[in-house]
>>> print(open('start_33.txt').read())   # compact mmCIF, C-alpha atoms
# COMPACT_ATOMS: atom_id res chain seq x y z
CA MET A 1 0.00 0.00 0.00
CA SER A 2 1.40 3.36 -0.96
CA ALA A 3 1.35 6.57 1.07
CA SER A 4 -1.39 7.83 -1.26
CA THR A 5 -3.68 5.17 0.21
CA VAL A 6 -3.43 6.78 3.67
CA ARG A 7 -4.31 10.13 2.11
CA GLU A 8 -7.19 8.56 0.16
CA LEU A 9 -8.59 6.89 3.28
CA LEU A 10 -8.47 10.15 5.23
CA SER A 11 -10.11 12.00 2.33
CA GLU A 12 -12.81 9.31 2.21
CA ILE A 13 -13.52 9.76 5.95
CA VAL A 14 -13.93 13.52 5.39
CA ARG A 15 -16.10 12.98 2.29
CA ARG A 16 -18.43 10.59 4.12
CA LYS A 17 -18.61 12.89 7.17
CA ALA A 18 -17.51 9.88 9.22
CA SER A 19 -16.15 10.32 12.74
CA ASP A 20 -13.42 7.64 12.89
CA LEU A 21 -11.11 5.51 10.76
CA HIS A 22 -10.06 2.03 12.00
CA LEU A 23 -7.05 0.22 10.54
CA ASN A 24 -7.06 -3.36 11.82
CA PRO A 25 -5.48 -6.52 10.31
CA GLY A 26 -8.04 -9.00 8.99
CA ARG A 27 -10.62 -6.34 8.06
CA PRO A 28 -10.67 -3.71 5.31
CA PRO A 29 -10.18 -0.11 6.54
CA VAL A 30 -13.38 0.74 8.45
CA GLY A 31 -15.09 4.10 8.98
CA ARG A 32 -17.61 4.95 11.70
CA SER A 33 -20.47 6.85 10.10
CA GLY A 34 -23.56 7.84 12.09
CA GLY A 35 -22.47 5.39 14.79
CA ALA A 36 -22.27 2.40 12.37
CA LEU A 37 -19.06 0.71 11.15
CA VAL A 38 -18.69 0.73 7.34
CA SER A 39 -15.93 -0.94 5.26
CA LEU A 40 -14.19 1.61 3.02
CA THR A 41 -12.60 -0.92 0.62
CA GLU A 42 -13.22 -4.57 -0.21
CA THR A 43 -9.75 -5.95 0.48
CA PRO A 44 -8.90 -6.86 4.10
CA LEU A 45 -5.58 -5.54 5.44
CA ASP A 46 -2.94 -8.19 6.07
CA ASP A 47 -0.39 -7.76 8.88
CA ALA A 48 2.24 -6.18 6.64
CA ALA A 49 -0.19 -3.68 5.05
CA ALA A 50 -1.58 -2.62 8.46
CA GLU A 51 1.96 -2.17 9.85
CA LYS A 52 2.99 -0.12 6.79
CA LEU A 53 -0.01 2.21 7.17
CA CYS A 54 0.65 2.63 10.89
CA ARG A 55 4.33 3.33 10.20
CA GLU A 56 3.39 6.01 7.65
CA LEU A 57 1.20 7.79 10.19
CA CYS A 58 4.05 8.15 12.73
CA ASN A 59 7.25 10.16 12.83
CA GLU A 60 10.43 8.56 14.23
CA LYS A 61 9.73 9.55 17.84
CA GLN A 62 6.13 8.31 17.73
CA TRP A 63 7.13 4.99 16.13
CA ALA A 64 9.83 4.53 18.79
CA GLU A 65 7.13 5.03 21.44
CA VAL A 66 4.99 2.31 19.82
CA ALA A 67 8.03 0.02 19.90
CA SER A 68 8.83 0.73 23.57
CA ALA A 69 5.40 1.40 25.16
CA GLY A 70 3.04 -0.42 22.75
CA SER A 71 1.09 2.68 21.69
CA THR A 72 1.29 6.39 20.88
CA ASP A 73 -1.26 9.21 20.58
CA PHE A 74 -0.84 12.39 18.55
CA GLY A 75 -2.60 14.95 16.36
CA LEU A 76 -2.22 14.85 12.57
CA THR A 77 -3.10 17.49 9.97
CA HIS A 78 -4.30 16.11 6.63
CA GLU A 79 -3.28 17.92 3.41
CA ASP A 80 -6.80 19.40 3.06
CA GLY A 81 -6.45 21.09 6.47
CA ASN A 82 -8.59 18.63 8.44
CA ARG A 83 -7.10 17.37 11.71
CA PHE A 84 -7.22 13.88 13.15
CA ARG A 85 -6.52 12.56 16.64
CA VAL A 86 -4.46 9.41 16.07
CA SER A 87 -3.86 6.38 18.28
CA VAL A 88 -1.39 3.79 16.90
CA PHE A 89 -0.98 0.62 18.96
CA ARG A 90 0.01 -3.06 19.01
CA GLN A 91 -2.58 -5.76 19.67
CA ARG A 92 -1.80 -9.50 19.60
CA GLY A 93 1.63 -8.47 18.30
CA ARG A 94 0.13 -6.75 15.23
CA TYR A 95 -0.24 -3.06 14.42
CA SER A 96 -3.54 -1.15 14.40
CA ALA A 97 -4.64 2.48 14.41
CA VAL A 98 -7.75 4.52 15.16
CA LEU A 99 -8.07 8.07 13.81
CA ARG A 100 -10.78 10.46 15.04
CA LEU A 101 -11.71 13.33 12.69
CA ILE A 102 -11.70 16.65 14.53
CA PRO A 103 -14.26 19.00 12.95
CA ARG A 104 -12.49 22.02 11.43
CA LYS A 105 -15.17 24.48 12.43
CA LEU A 106 -15.65 25.48 16.04
CA LEU A 107 -19.35 25.07 16.76
CA SER A 108 -21.65 27.59 18.47
CA PHE A 109 -23.79 26.95 21.57
CA ASP A 110 -26.86 26.58 19.31
CA GLU A 111 -25.15 24.14 16.96
CA ILE A 112 -24.27 21.69 19.74
CA GLY A 113 -27.44 22.36 21.73
CA LEU A 114 -25.62 23.62 24.83
CA PRO A 115 -27.97 25.54 27.17
CA ASP A 116 -27.45 29.32 27.36
CA SER A 117 -27.52 29.02 31.17
CA ILE A 118 -23.82 28.09 30.88
CA LYS A 119 -22.78 31.47 29.39
CA PRO A 120 -22.92 33.53 32.63
CA LEU A 121 -20.60 30.96 34.25
CA LEU A 122 -18.00 31.57 31.53
CA LYS A 123 -17.66 35.17 32.70
CA LYS A 124 -16.85 34.17 36.31
CA PRO A 125 -13.36 35.14 37.51
CA ARG A 126 -12.75 31.81 39.25
CA GLY A 127 -14.14 28.32 39.73
CA LEU A 128 -14.16 24.81 38.26
CA ILE A 129 -16.38 23.74 35.33
CA LEU A 130 -16.36 20.02 34.50
CA VAL A 131 -17.52 18.47 31.23
CA THR A 132 -18.09 14.74 31.66
CA GLY A 133 -19.28 11.74 29.71
CA PRO A 134 -18.08 8.47 28.17
CA THR A 135 -15.32 8.38 25.53
CA GLY A 136 -16.56 9.76 22.20
CA SER A 137 -19.44 11.74 23.72
CA GLY A 138 -18.25 15.11 22.35
CA LYS A 139 -16.64 16.53 25.51
CA THR A 140 -13.73 18.02 23.53
CA THR A 141 -16.11 19.77 21.13
CA THR A 142 -18.17 21.21 24.01
CA LEU A 143 -15.03 22.50 25.76
CA ALA A 144 -13.73 24.00 22.50
CA THR A 145 -17.06 25.84 22.07
CA MET A 146 -16.83 27.26 25.61
CA ILE A 147 -13.18 28.31 25.18
CA ASP A 148 -14.01 29.91 21.79
CA TRP A 149 -16.89 31.86 23.40
CA ILE A 150 -14.59 33.18 26.15
CA ASN A 151 -11.87 33.96 23.58
CA HIS A 152 -14.26 36.17 21.59
CA ASN A 153 -16.14 37.76 24.49
CA ASP A 154 -13.45 38.47 27.08
CA ASP A 155 -9.90 39.82 27.06
CA CYS A 156 -8.06 37.18 29.07
CA HIS A 157 -5.16 34.73 28.82
CA ILE A 158 -6.37 31.18 28.13
CA ILE A 159 -3.96 28.24 28.57
CA THR A 160 -5.03 24.84 27.22
CA ILE A 161 -3.22 21.64 28.24
CA GLU A 162 -4.14 18.79 25.87
CA ASP A 163 -3.08 15.29 24.82
CA PRO A 164 -3.03 15.81 21.86
CA ILE A 165 -4.18 19.33 20.83
CA GLU A 166 -7.39 18.80 18.87
CA TYR A 167 -8.96 22.17 18.03
CA TYR A 168 -6.57 25.00 17.16
CA HIS A 169 -7.68 28.36 18.60
CA SER A 170 -6.47 31.61 17.04
CA HIS A 171 -6.32 34.71 19.25
CA GLY A 172 -9.62 36.61 19.58
CA ARG A 173 -10.21 39.26 22.21
CA GLY A 174 -8.32 36.81 24.37
CA LEU A 175 -4.80 35.44 24.09
CA VAL A 176 -4.64 31.63 23.66
CA THR A 177 -1.64 29.46 24.61
CA GLN A 178 -1.94 25.75 23.72
CA ARG A 179 0.46 23.17 25.19
CA GLU A 180 0.59 19.56 24.02
CA ILE A 181 1.57 16.73 26.37
CA GLY A 182 4.66 14.90 25.13
CA VAL A 183 5.55 17.72 22.72
CA ASP A 184 5.60 20.95 24.75
CA VAL A 185 5.52 19.53 28.28
CA PRO A 186 6.00 16.01 29.71
CA ASP A 187 2.71 15.45 31.57
CA PHE A 188 -0.50 17.08 32.88
CA SER A 189 0.67 17.68 36.45
CA GLU A 190 3.90 19.38 35.28
CA ALA A 191 1.94 21.50 32.76
CA MET A 192 -0.54 22.48 35.46
CA ARG A 193 2.22 23.45 37.87
CA ARG A 194 3.92 25.61 35.22
CA ALA A 195 0.63 27.14 34.02
CA LEU A 196 0.14 28.94 37.32
CA ARG A 197 3.36 30.92 36.63
CA GLN A 198 2.23 31.96 33.14
CA ASP A 199 -0.35 34.60 34.15
CA PRO A 200 -3.45 32.60 33.14
CA ASP A 201 -7.04 33.75 33.61
CA VAL A 202 -8.52 30.54 32.17
CA ILE A 203 -6.99 27.04 32.21
CA LEU A 204 -8.34 24.10 30.19
CA LEU A 205 -7.15 20.69 31.38
CA GLY A 206 -7.75 18.11 28.66
CA GLU A 207 -8.01 15.34 31.24
CA MET A 208 -7.96 15.13 35.03
CA ARG A 209 -6.19 11.79 35.15
CA ASP A 210 -4.51 11.58 38.54
CA LEU A 211 -4.71 12.84 42.09
CA GLU A 212 -1.99 15.46 41.56
CA THR A 213 -3.74 16.99 38.54
CA ILE A 214 -7.19 16.96 40.20
CA SER A 215 -5.74 18.59 43.32
CA ALA A 216 -3.93 21.27 41.26
CA ALA A 217 -7.14 22.01 39.31
CA ILE A 218 -9.19 22.51 42.50
CA THR A 219 -6.47 24.72 44.03
CA ALA A 220 -6.23 26.84 40.84
CA ALA A 221 -10.03 27.23 40.81
CA GLU A 222 -9.94 28.42 44.43
CA THR A 223 -7.10 30.90 43.90
CA GLY A 224 -8.59 33.06 41.16
CA HIS A 225 -8.61 31.07 37.90
CA LEU A 226 -11.47 29.73 35.79
CA VAL A 227 -10.56 26.06 35.28
CA PHE A 228 -12.15 23.59 32.82
CA GLY A 229 -11.59 19.84 33.06
CA THR A 230 -12.99 16.54 31.79
CA LEU A 231 -13.76 13.24 33.48
CA HIS A 232 -15.10 9.97 32.03
CA THR A 233 -18.08 9.92 34.39
CA THR A 234 -21.82 10.16 33.73
CA GLY A 235 -24.00 12.39 35.86
CA SER A 236 -23.15 15.17 38.29
CA ALA A 237 -23.42 13.12 41.49
CA ARG A 238 -21.06 10.43 40.16
CA THR A 239 -18.62 13.12 39.02
CA VAL A 240 -18.46 14.70 42.48
CA ASP A 241 -18.04 11.24 44.07
CA ARG A 242 -15.30 10.31 41.58
CA ILE A 243 -13.26 13.42 42.47
CA ILE A 244 -13.64 12.92 46.22
CA ASP A 245 -12.85 9.18 45.98
CA ALA A 246 -9.57 10.00 44.22
CA PHE A 247 -8.26 11.40 47.52
CA PRO A 248 -7.13 9.41 50.60
CA ALA A 249 -9.87 8.96 53.22
CA ASN A 250 -8.26 11.41 55.66
CA GLN A 251 -8.43 14.22 53.05
CA GLN A 252 -11.94 13.61 51.73
CA GLU A 253 -13.79 15.88 54.15
CA GLN A 254 -11.48 18.78 53.28
CA VAL A 255 -11.92 18.12 49.53
CA ARG A 256 -15.72 18.09 49.96
CA ALA A 257 -15.47 21.52 51.58
CA GLN A 258 -13.18 22.79 48.79
CA LEU A 259 -15.42 21.42 46.01
CA SER A 260 -18.56 22.89 47.59
CA VAL A 261 -16.96 26.32 47.11
CA ALA A 262 -14.82 25.90 43.96
CA LEU A 263 -17.18 23.92 41.69
CA LEU A 264 -19.29 26.11 39.38
CA ALA A 265 -20.99 23.51 37.19
CA VAL A 266 -20.95 19.95 35.89
CA VAL A 267 -22.08 19.38 32.29
CA SER A 268 -22.60 15.67 31.51
CA GLN A 269 -23.31 14.62 27.96
CA VAL A 270 -24.00 11.68 25.66
CA LEU A 271 -24.13 11.56 21.84
CA LEU A 272 -27.18 9.88 20.32
CA PRO A 273 -28.10 8.88 16.75
CA LYS A 274 -30.55 11.26 15.10
CA LYS A 275 -34.00 9.95 14.19
CA ASP A 276 -34.39 10.66 10.49
CA SER A 277 -30.98 11.83 9.32
CA PRO A 278 -27.32 10.84 9.54
CA GLY A 279 -25.26 12.33 12.33
CA ARG A 280 -25.75 12.54 16.07
CA VAL A 281 -27.25 14.90 18.60
CA ALA A 282 -25.99 15.67 22.13
CA ALA A 283 -28.10 15.26 25.26
CA PHE A 284 -26.96 17.15 28.37
CA GLU A 285 -27.35 17.10 32.12
CA VAL A 286 -26.47 20.49 33.61
CA MET A 287 -25.79 21.03 37.31
CA ILE A 288 -25.07 24.61 38.38
CA MET A 289 -23.73 25.24 41.88
CA THR A 290 -26.33 26.69 44.24
CA PRO A 291 -26.31 26.96 48.05
CA ALA A 292 -28.52 23.83 48.15
CA ILE A 293 -26.11 21.73 46.05
CA SER A 294 -23.08 23.16 47.85
CA ASN A 295 -24.66 21.99 51.11
CA LEU A 296 -25.29 18.46 49.72
CA ILE A 297 -21.63 18.14 48.65
CA ARG A 298 -20.35 19.37 52.01
CA LYS A 299 -22.63 16.97 53.95
CA ASN A 300 -21.74 13.99 51.68
CA GLU A 301 -25.34 13.69 50.43
CA THR A 302 -24.57 13.55 46.69
CA ASN A 303 -27.38 11.00 46.22
CA LYS A 304 -29.82 13.94 46.54
CA ILE A 305 -28.19 16.02 43.77
CA ALA A 306 -30.34 14.53 40.97
CA SER A 307 -33.64 15.50 42.62
CA THR A 308 -32.29 19.01 43.34
CA ILE A 309 -31.39 19.42 39.64
CA GLN A 310 -34.91 18.28 38.74
CA THR A 311 -36.54 20.97 40.89
CA SER A 312 -34.12 23.71 39.74
CA ARG A 313 -35.02 23.97 36.07
CA LYS A 314 -35.81 27.68 36.41
CA LEU A 315 -32.17 28.22 37.49
CA GLY A 316 -30.92 26.80 34.18
CA MET A 317 -30.38 23.22 35.32
CA THR A 318 -31.63 20.16 33.48
CA THR A 319 -31.55 16.42 34.12
CA LEU A 320 -30.47 14.08 31.32
CA ASP A 321 -33.95 12.51 31.25
CA ASP A 322 -35.64 15.93 30.85
CA CYS A 323 -33.26 16.70 27.98
CA LEU A 324 -34.03 13.30 26.36
CA LEU A 325 -37.76 14.04 26.65
CA ASP A 326 -37.24 17.44 24.95
CA LEU A 327 -35.21 15.86 22.11
CA PHE A 328 -37.92 13.20 21.63
CA LYS A 329 -40.69 15.85 21.53
CA LYS A 330 -38.72 17.79 18.90
CA GLY A 331 -38.54 14.62 16.77
CA LEU A 332 -34.73 14.49 16.95
CA ILE A 333 -34.41 11.03 18.55
CA THR A 334 -36.54 7.88 18.67
CA ARG A 335 -38.34 6.58 21.76
CA GLU A 336 -35.97 3.57 21.88
CA VAL A 337 -32.85 5.77 21.84
CA ALA A 338 -34.29 7.99 24.60
CA LEU A 339 -35.07 5.03 26.87
CA GLU A 340 -31.69 3.40 26.23
CA ALA A 341 -29.84 6.57 27.32
CA ALA A 342 -32.14 7.39 30.27
CA GLN A 343 -30.93 7.37 33.87
CA ASP A 344 -34.39 6.26 35.06
CA ASP A 345 -35.89 4.46 32.06
CA LYS A 346 -39.06 3.35 33.90
CA ASP A 347 -39.92 6.95 34.85
CA LEU A 348 -39.08 8.26 31.36
CA GLU A 349 -41.21 5.56 29.73
CA VAL A 350 -44.23 6.82 31.70
CA ARG A 351 -43.49 10.42 30.71
CA LEU A 352 -42.99 9.52 27.04
>>> encode(input="start_33.txt", output="structure tokens")
Amino acid sequence: MSASTVRELLSEIVRRKASDLHLNPGRPPVGRSGGALVSLTETPLDDAAAEKLCRELCNEKQWAEVASAGSTDFGLTHEDGNRFRVSVFRQRGRYSAVLRLIPRKLLSFDEIGLPDSIKPLLKKPRGLILVTGPTGSGKTTTLATMIDWINHNDDCHIITIEDPIEYYHSHGRGLVTQREIGVDVPDFSEAMRRALRQDPDVILLGEMRDLETISAAITAAETGHLVFGTLHTTGSARTVDRIIDAFPANQQEQVRAQLSVALLAVVSQVLLPKKDSPGRVAAFEVMIMTPAISNLIRKNETNKIASTIQTSRKLGMTTLDDCLLDLFKKGLITREVALEAAQDDKDLEVRL
């Protein structure tokens, strides 16, 4: 397979408006389109062809990392200007790759369906905003939309720490500094430590992976920075529990007290197939910090957060199930999809 085949496959992914490209021995190159896996050619890749394609995707340093650590992740710009997030890895001793297409255009709040109740939070001088959800649920896109809004509505210094950088931000009213893990800085905790000496107003942490990074994010949010982070959790209550559980038992009460003050909002999201057209639509749960929720976090009563969100719709909050009901009423998703994604499917079934 020649290098042109890699280019052709990437061009085909863009042409089909697919989200991912899979290169795996034993199958033809596969694209994910509208959530379904579709073969892009008829000929399955053999081991040598898959390894050659993976090798062509990597530079020397990245290929050395595959050899030593078994995998590497990086961003790649295609010749037409589209960017891909690339993961090259070994499995059963053979080489495979998955490439995620990063949309070129930064989307607006309306385009991704993000509630306007989030906008006032983006003007706050300090605090922690978390965007959560499973892998592939659009967290990066949501964060990029928020950062873009701040960049064009506020004159501030924004530092993003990402692995890899996905959306490129040009300077707007704000000044944007983007640091890539493994290229510009060794790891998240080091980048976070350095960021505090670089006069930031806003810090975006691509991932809150470890205790040190989570702790640094909370401290930065307390000391006068607006901090954005992501976690692979679903629902606000689980997100709060996940952060607190990351700390040793003797520190958890203190962290609850810190979070009850520092946390501004948790936005949880899932991506769902649209009813009558290709593509997907996002469903959100939005928790905005209020004295009531702050109190629940401090008293370790996170199990009551969901019902508080439900009764606080007028404050801009929404439960995932309310959002699913709205999407169903608008004809954007099917009944089956709504029930499958629901947190309380029995209750939603009655309401549908």
>>> residues_around(input="start_33.txt", residues="A:Arg209", least_positions_apart="4", cutoff="9 Å", atoms="all atoms listed in the file", output="VMD selection string")
chain A and resid 188 213 to 214 230 to 231
>>> atom_distance(input="start_33.txt", atom1="atom CA of A:Arg197", atom2="atom CA of A:Leu122")
22.0 Å
>>> atom_distance(input="start_33.txt", atom1="atom CA of A:Leu296", atom2="atom CA of A:Glu349")
28.6 Å
>>> residues_around(input="start_33.txt", residues="A:Lys105", least_positions_apart="4", cutoff="10 Å", atoms="all atoms listed in the file", output="list in words")
Asn82, Thr141, Thr145, Tyr167 and Tyr168 of chain A
>>> closest_atom_pairs(input="start_33.txt", of="stretch 265-337 of chain A", to="stretch 257-260 of chain A", cutoff="9 Å", atoms="only C-alpha atoms", output="Markdown table")
| residue | atom | partner | partner_atom | distance |
| --- | --- | --- | --- | --- |
| A:Met289 | CA | A:Ser260 | CA | 8.1 |
| A:Pro291 | CA | A:Ser260 | CA | 8.8 |
| A:Ile293 | CA | A:Ser260 | CA | 7.8 |
| A:Ser294 | CA | A:Ser260 | CA | 4.5 |
| A:Asn295 | CA | A:Ser260 | CA | 7.1 |
| A:Leu296 | CA | A:Ser260 | CA | 8.3 |
| A:Ile297 | CA | A:Ser260 | CA | 5.8 |
| A:Arg298 | CA | A:Ala257 | CA | 5.3 |
| A:Lys299 | CA | A:Ala257 | CA | 8.8 |
>>> closest_residue(input="start_33.txt", among="A:Glu253, A:Asp148, A:Asp47, A:Asp155", to="A:His169", atoms="all atoms listed in the file")
A:Asp148
>>> residues_around(input="start_33.txt", residues="stretch 172-175 of chain A", least_positions_apart="4", cutoff="8 Å", atoms="all atoms listed in the file", output="number ranges by chain")
A: 150-158
>>> write_last_selection(input="start_33.txt", atoms="C-alpha atoms", output="short mmCIF file (atom, residue, chain, number, x, y, z; two decimals), in the coordinates of the input")
data_model
loop_
_atom_site.label_atom_id
_atom_site.label_comp_id
_atom_site.auth_asym_id
_atom_site.auth_seq_id
_atom_site.Cartn_x
_atom_site.Cartn_y
_atom_site.Cartn_z
CA ILE A 150 -14.59 33.18 26.15
CA ASN A 151 -11.87 33.96 23.58
CA HIS A 152 -14.26 36.17 21.59
CA ASN A 153 -16.14 37.76 24.49
CA ASP A 154 -13.45 38.47 27.08
CA ASP A 155 -9.90 39.82 27.06
CA CYS A 156 -8.06 37.18 29.07
CA HIS A 157 -5.16 34.73 28.82
CA ILE A 158 -6.37 31.18 28.13
#
>>> atom_distance(input="start_33.txt", atom1="atom CA of A:Pro125", atom2="atom CA of A:Glu207")
21.4 Å
>>> residues_around(input="start_33.txt", residues="A:Asp163", least_positions_apart="2", cutoff="10 Å", atoms="only C-alpha atoms", output="PyMOL selection string")
chain A and resi 73-75+85+161+165-166+179-183+187-188+205-207
>>> closest_residue(input="start_33.txt", among="A:Met208, A:Ala64, A:Ala18, A:Ile159", to="A:Gly35", atoms="only C-alpha atoms")
A:Ala18
>>> residues_near_point(input="start_33.txt", point="(-4.3, 15.8, 5.8)", cutoff="12 Å", atoms="only C-alpha atoms", output="PyMOL selection string")
chain A and resi 3-4+6-14+57+75-85+99+101-102+104
>>> decode(input="start_33.txt", residues="stretch 48-62 of chain A", atoms="N, CA and C atoms", output="PDB file, in the first residue's frame")
ATOM      1  N   ALA A  48       1.206  -7.055   7.200  1.00  0.00           N
ATOM      2  CA  ALA A  48       2.240  -6.178   6.638  1.00  0.00           C
ATOM      3  C   ALA A  48       1.634  -4.850   6.184  1.00  0.00           C
ATOM      4  N   ALA A  49       0.454  -4.906   5.549  1.00  0.00           N
ATOM      5  CA  ALA A  49      -0.193  -3.681   5.052  1.00  0.00           C
ATOM      6  C   ALA A  49      -0.613  -2.783   6.220  1.00  0.00           C
ATOM      7  N   ALA A  50      -1.157  -3.406   7.289  1.00  0.00           N
ATOM      8  CA  ALA A  50      -1.578  -2.623   8.462  1.00  0.00           C
ATOM      9  C   ALA A  50      -0.371  -1.957   9.115  1.00  0.00           C
ATOM     10  N   GLU A  51       0.745  -2.729   9.227  1.00  0.00           N
ATOM     11  CA  GLU A  51       1.957  -2.166   9.848  1.00  0.00           C
ATOM     12  C   GLU A  51       2.507  -1.018   9.005  1.00  0.00           C
ATOM     13  N   LYS A  52       2.468  -1.164   7.672  1.00  0.00           N
ATOM     14  CA  LYS A  52       2.990  -0.121   6.788  1.00  0.00           C
ATOM     15  C   LYS A  52       2.173   1.181   6.931  1.00  0.00           C
ATOM     16  N   LEU A  53       0.844   1.034   6.993  1.00  0.00           N
ATOM     17  CA  LEU A  53      -0.010   2.214   7.165  1.00  0.00           C
ATOM     18  C   LEU A  53       0.250   2.895   8.509  1.00  0.00           C
ATOM     19  N   CYS A  54       0.387   2.073   9.552  1.00  0.00           N
ATOM     20  CA  CYS A  54       0.650   2.633  10.894  1.00  0.00           C
ATOM     21  C   CYS A  54       2.004   3.340  10.911  1.00  0.00           C
ATOM     22  N   ARG A  55       2.974   2.735  10.246  1.00  0.00           N
ATOM     23  CA  ARG A  55       4.326   3.328  10.200  1.00  0.00           C
ATOM     24  C   ARG A  55       4.288   4.684   9.495  1.00  0.00           C
ATOM     25  N   GLU A  56       3.481   4.767   8.421  1.00  0.00           N
ATOM     26  CA  GLU A  56       3.394   6.010   7.646  1.00  0.00           C
ATOM     27  C   GLU A  56       2.732   7.140   8.445  1.00  0.00           C
ATOM     28  N   LEU A  57       1.883   6.777   9.381  1.00  0.00           N
ATOM     29  CA  LEU A  57       1.205   7.794  10.191  1.00  0.00           C
ATOM     30  C   LEU A  57       2.141   8.450  11.199  1.00  0.00           C
ATOM     31  N   CYS A  58       3.191   7.709  11.618  1.00  0.00           N
ATOM     32  CA  CYS A  58       4.054   8.148  12.729  1.00  0.00           C
ATOM     33  C   CYS A  58       5.348   8.795  12.244  1.00  0.00           C
ATOM     34  N   ASN A  59       5.869   9.725  13.039  1.00  0.00           N
ATOM     35  CA  ASN A  59       7.249  10.161  12.831  1.00  0.00           C
ATOM     36  C   ASN A  59       8.166   9.232  13.637  1.00  0.00           C
ATOM     37  N   GLU A  60       9.479   9.477  13.587  1.00  0.00           N
ATOM     38  CA  GLU A  60      10.435   8.562  14.231  1.00  0.00           C
ATOM     39  C   GLU A  60      10.178   8.423  15.731  1.00  0.00           C
ATOM     40  N   LYS A  61       9.928   9.567  16.383  1.00  0.00           N
ATOM     41  CA  LYS A  61       9.732   9.555  17.837  1.00  0.00           C
ATOM     42  C   LYS A  61       8.474   8.772  18.220  1.00  0.00           C
ATOM     43  N   GLN A  62       7.399   8.993  17.440  1.00  0.00           N
ATOM     44  CA  GLN A  62       6.134   8.310  17.732  1.00  0.00           C
ATOM     45  C   GLN A  62       6.266   6.801  17.496  1.00  0.00           C
TER      46      GLN A  62
END
